[in-house]
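Colleague: I have a structure here, written as structure tokens, and I will follow up with some questions on it.
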Amino acid sequence: TILIRDFPAYFRYSSVPKLAQFAYLKVKVKNETDYPFLPGETNVFLDNNFVANSFMELAAPGEEFWTFLGVDEGMKIEYKFIKRFEATEGVFSKTTKLMYEYLFIIKNNKKSKADLAIWDQIPISGNEEIKVSLVEPEYKKDTPELKINENNYIEWLFKPEPGQEIKVPFKFSVEYPKNSAVSGL
């Protein structure tokens, strides 16, 4: 052992429900020592209990870094496919419009309020004739609760109270010329 030290930490749950319906607890810590933390495998302890093995990147003195503490079963995440709807529109130039609808159900079974980040993505069109639109949630610009980056990754930020259940609808549409083939949805 080289150093044993307690650090103030910010805890947040993270989830990408379409890949894994778990909430992963992660923590942001600041290296408040005069020494760099070298990259390598770590053993993570929370409240004097071993919680996870992880890997840490180099963290210079004064630098903040994130580390994962593993799955927390106290935060439940459900990802439900609701429906796929297809319609043909237009009188002369026919287009096909596909609508995809999903629902996230978040349940905080913890005894305290928690910060939670949920991520998903709407498809990116590589063709001008294929239009992808976010239908729900309504988005005009980034807010503290909802952000979208240049790769169409959507980030929702929640603070569910103990016992609270939150239902989050997620819908997008894909519109393209009737005789075109679209794949990868």
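Just remember, in the structure tokens the first chain shown is A, the second B, etc., residues are 1-based per chain, and ligands are 1-based in the order shown.
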Name the residues in contact with A:Asp47 at a cut-off of 12 Å, using only C-alpha atoms, excluding same-chain residues fewer than 4 positions from it; report them as a ChimeraX atom specification.

Modeller: /A:6-7,51

Colleague: Could I get the residues of stretch 20-92 of chain A with an atom no further than 6 Å from an atom of stretch 96-115 of chain A, each paired with its nearest atom pair and that distance in Å to one decimal, using only C-alpha atoms, sorted by chain and residue number, as JSON lines?

Modeller:
{"residue": "A:Gly74", "atom": "CA", "partner": "A:Asn109", "partner_atom": "CA", "distance": 5.0}
{"residue": "A:Met75", "atom": "CA", "partner": "A:Asn108", "partner_atom": "CA", "distance": 4.9}
{"residue": "A:Lys76", "atom": "CA", "partner": "A:Lys107", "partner_atom": "CA", "distance": 5.0}
{"residue": "A:Ile77", "atom": "CA", "partner": "A:Ile106", "partner_atom": "CA", "distance": 4.8}
{"residue": "A:Glu78", "atom": "CA", "partner": "A:Ile105", "partner_atom": "CA", "distance": 5.0}
{"residue": "A:Tyr79", "atom": "CA", "partner": "A:Phe104", "partner_atom": "CA", "distance": 4.8}
{"residue": "A:Lys80", "atom": "CA", "partner": "A:Leu103", "partner_atom": "CA", "distance": 5.1}
{"residue": "A:Phe81", "atom": "CA", "partner": "A:Tyr102", "partner_atom": "CA", "distance": 4.6}
{"residue": "A:Ile82", "atom": "CA", "partner": "A:Tyr102", "partner_atom": "CA", "distance": 5.1}
{"residue": "A:Lys83", "atom": "CA", "partner": "A:Glu101", "partner_atom": "CA", "distance": 5.3}
{"residue": "A:Arg84", "atom": "CA", "partner": "A:Tyr100", "partner_atom": "CA", "distance": 4.7}
{"residue": "A:Phe85", "atom": "CA", "partner": "A:Met99", "partner_atom": "CA", "distance": 5.0}
{"residue": "A:Glu86", "atom": "CA", "partner": "A:Leu98", "partner_atom": "CA", "distance": 4.5}
{"residue": "A:Ala87", "atom": "CA", "partner": "A:Lys97", "partner_atom": "CA", "distance": 5.3}
{"residue": "A:Thr88", "atom": "CA", "partner": "A:Thr96", "partner_atom": "CA", "distance": 4.6}

Colleague: Identify, on the basis of only C-alpha atoms, every residue whose closest approach to stretch 9-12 of chain A does not exceed 9 Å; exclude the query and any residue fewer than 5 positions from it along the same chain; express the result as JSON, numbers by chain.

Modeller: {"A": [24, 25, 26, 27, 28, 29, 30, 114, 115, 116, 117]}

Colleague: Which polymer residues have any atom within 10 Å of an atom of A:Ile148, counting only C-alpha atoms, with same-chain residues fewer than 3 positions away left out, as number ranges by chain?

Modeller: A: 119-122, 139-143, 151-156

Colleague: Can you write out the residues you just picked, keeping N, CA and C atoms, as a PDB file, in the first residue's frame?

Modeller:
ATOM      1  N   TRP A 119     -28.794   7.498 -21.382  1.00  0.00           N
ATOM      2  CA  TRP A 119     -28.380   7.820 -22.748  1.00  0.00           C
ATOM      3  C   TRP A 119     -29.074   6.919 -23.754  1.00  0.00           C
ATOM      4  N   ASP A 120     -29.366   7.497 -24.907  1.00  0.00           N
ATOM      5  CA  ASP A 120     -29.828   6.751 -26.073  1.00  0.00           C
ATOM      6  C   ASP A 120     -29.397   7.556 -27.292  1.00  0.00           C
ATOM      7  N   GLN A 121     -29.757   7.085 -28.468  1.00  0.00           N
ATOM      8  CA  GLN A 121     -29.339   7.766 -29.690  1.00  0.00           C
ATOM      9  C   GLN A 121     -30.427   7.657 -30.733  1.00  0.00           C
ATOM     10  N   ILE A 122     -30.638   8.744 -31.489  1.00  0.00           N
ATOM     11  CA  ILE A 122     -31.501   8.641 -32.657  1.00  0.00           C
ATOM     12  C   ILE A 122     -30.586   8.377 -33.853  1.00  0.00           C
ATOM     13  N   TYR A 139     -37.534  18.782 -28.119  1.00  0.00           N
ATOM     14  CA  TYR A 139     -36.196  19.358 -27.950  1.00  0.00           C
ATOM     15  C   TYR A 139     -36.054  20.592 -28.818  1.00  0.00           C
ATOM     16  N   LYS A 140     -35.658  21.697 -28.189  1.00  0.00           N
ATOM     17  CA  LYS A 140     -35.353  22.930 -28.928  1.00  0.00           C
ATOM     18  C   LYS A 140     -33.885  23.294 -28.772  1.00  0.00           C
ATOM     19  N   LYS A 141     -33.364  23.142 -27.549  1.00  0.00           N
ATOM     20  CA  LYS A 141     -31.953  23.401 -27.257  1.00  0.00           C
ATOM     21  C   LYS A 141     -31.584  22.651 -25.985  1.00  0.00           C
ATOM     22  N   ASP A 142     -30.288  22.546 -25.729  1.00  0.00           N
ATOM     23  CA  ASP A 142     -29.824  21.862 -24.525  1.00  0.00           C
ATOM     24  C   ASP A 142     -30.342  22.564 -23.274  1.00  0.00           C
ATOM     25  N   THR A 143     -30.744  21.751 -22.299  1.00  0.00           N
ATOM     26  CA  THR A 143     -31.156  22.245 -20.984  1.00  0.00           C
ATOM     27  C   THR A 143     -30.395  21.424 -19.940  1.00  0.00           C
ATOM     28  N   ASN A 151     -23.432  13.728 -32.395  1.00  0.00           N
ATOM     29  CA  ASN A 151     -23.628  12.355 -32.858  1.00  0.00           C
ATOM     30  C   ASN A 151     -25.040  11.846 -32.560  1.00  0.00           C
ATOM     31  N   ASN A 152     -25.947  12.770 -32.247  1.00  0.00           N
ATOM     32  CA  ASN A 152     -27.342  12.459 -31.923  1.00  0.00           C
ATOM     33  C   ASN A 152     -27.510  11.617 -30.666  1.00  0.00           C
ATOM     34  N   TYR A 153     -26.518  11.643 -29.767  1.00  0.00           N
ATOM     35  CA  TYR A 153     -26.681  11.003 -28.467  1.00  0.00           C
ATOM     36  C   TYR A 153     -27.524  11.915 -27.595  1.00  0.00           C
ATOM     37  N   ILE A 154     -28.541  11.339 -27.006  1.00  0.00           N
ATOM     38  CA  ILE A 154     -29.432  12.086 -26.125  1.00  0.00           C
ATOM     39  C   ILE A 154     -29.076  11.720 -24.695  1.00  0.00           C
ATOM     40  N   GLU A 155     -28.947  12.738 -23.849  1.00  0.00           N
ATOM     41  CA  GLU A 155     -28.651  12.527 -22.435  1.00  0.00           C
ATOM     42  C   GLU A 155     -29.760  13.170 -21.610  1.00  0.00           C
ATOM     43  N   TRP A 156     -30.469  12.333 -20.849  1.00  0.00           N
ATOM     44  CA  TRP A 156     -31.472  12.814 -19.901  1.00  0.00           C
ATOM     45  C   TRP A 156     -30.832  12.798 -18.522  1.00  0.00           C
TER      46      TRP A 156
END

Colleague: I'd like to know which of A:Thr67, A:Asn179, A:Ser15, A:Asn149 is closest to A:Asn43, using only C-alpha atoms.

Modeller: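 Once distances to A:Asn43 are computed over only C-alpha atoms, the minimum belongs to A:Thr67.
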
Colleague: Where does DSSP see strand (DSSP E or B) in chain A, if you list the residues as JSON, numbers by chain?

Modeller: {"A": [9, 10, 11, 12, 13, 14, 15, 22, 23, 24, 25, 26, 27, 28, 29, 30, 37, 40, 41, 42, 43, 44, 45, 46, 49, 50, 51, 52, 53, 54, 55, 56, 59, 64, 65, 66, 67, 68, 69, 70, 71, 72, 73, 74, 75, 76, 77, 78, 79, 80, 81, 82, 83, 84, 85, 86, 87, 88, 89, 95, 96, 97, 98, 99, 100, 101, 102, 103, 104, 105, 106, 107, 108, 116, 117, 118, 119, 120, 121, 131, 132, 133, 134, 135, 136, 146, 147, 148, 153, 154, 155, 156, 157, 158, 165, 166, 167, 168, 169, 170, 171, 172, 173, 174, 175, 176, 177]}

Colleague: Could you tell me how far atom CA of A:Val174 lies from atom CA of A:Thr95, in Å and to one decimal?

Modeller: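 Separation of atom CA of A:Val174 and atom CA of A:Thr95: 10.1 Å.
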
Colleague: Please, what distance in Å, to one decimal, runs between atom CA of A:Ala20 and atom CA of A:Asn49?

Modeller: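 Computing the Euclidean distance for atom CA of A:Ala20 and atom CA of A:Asn49 yields 25.2 Å.
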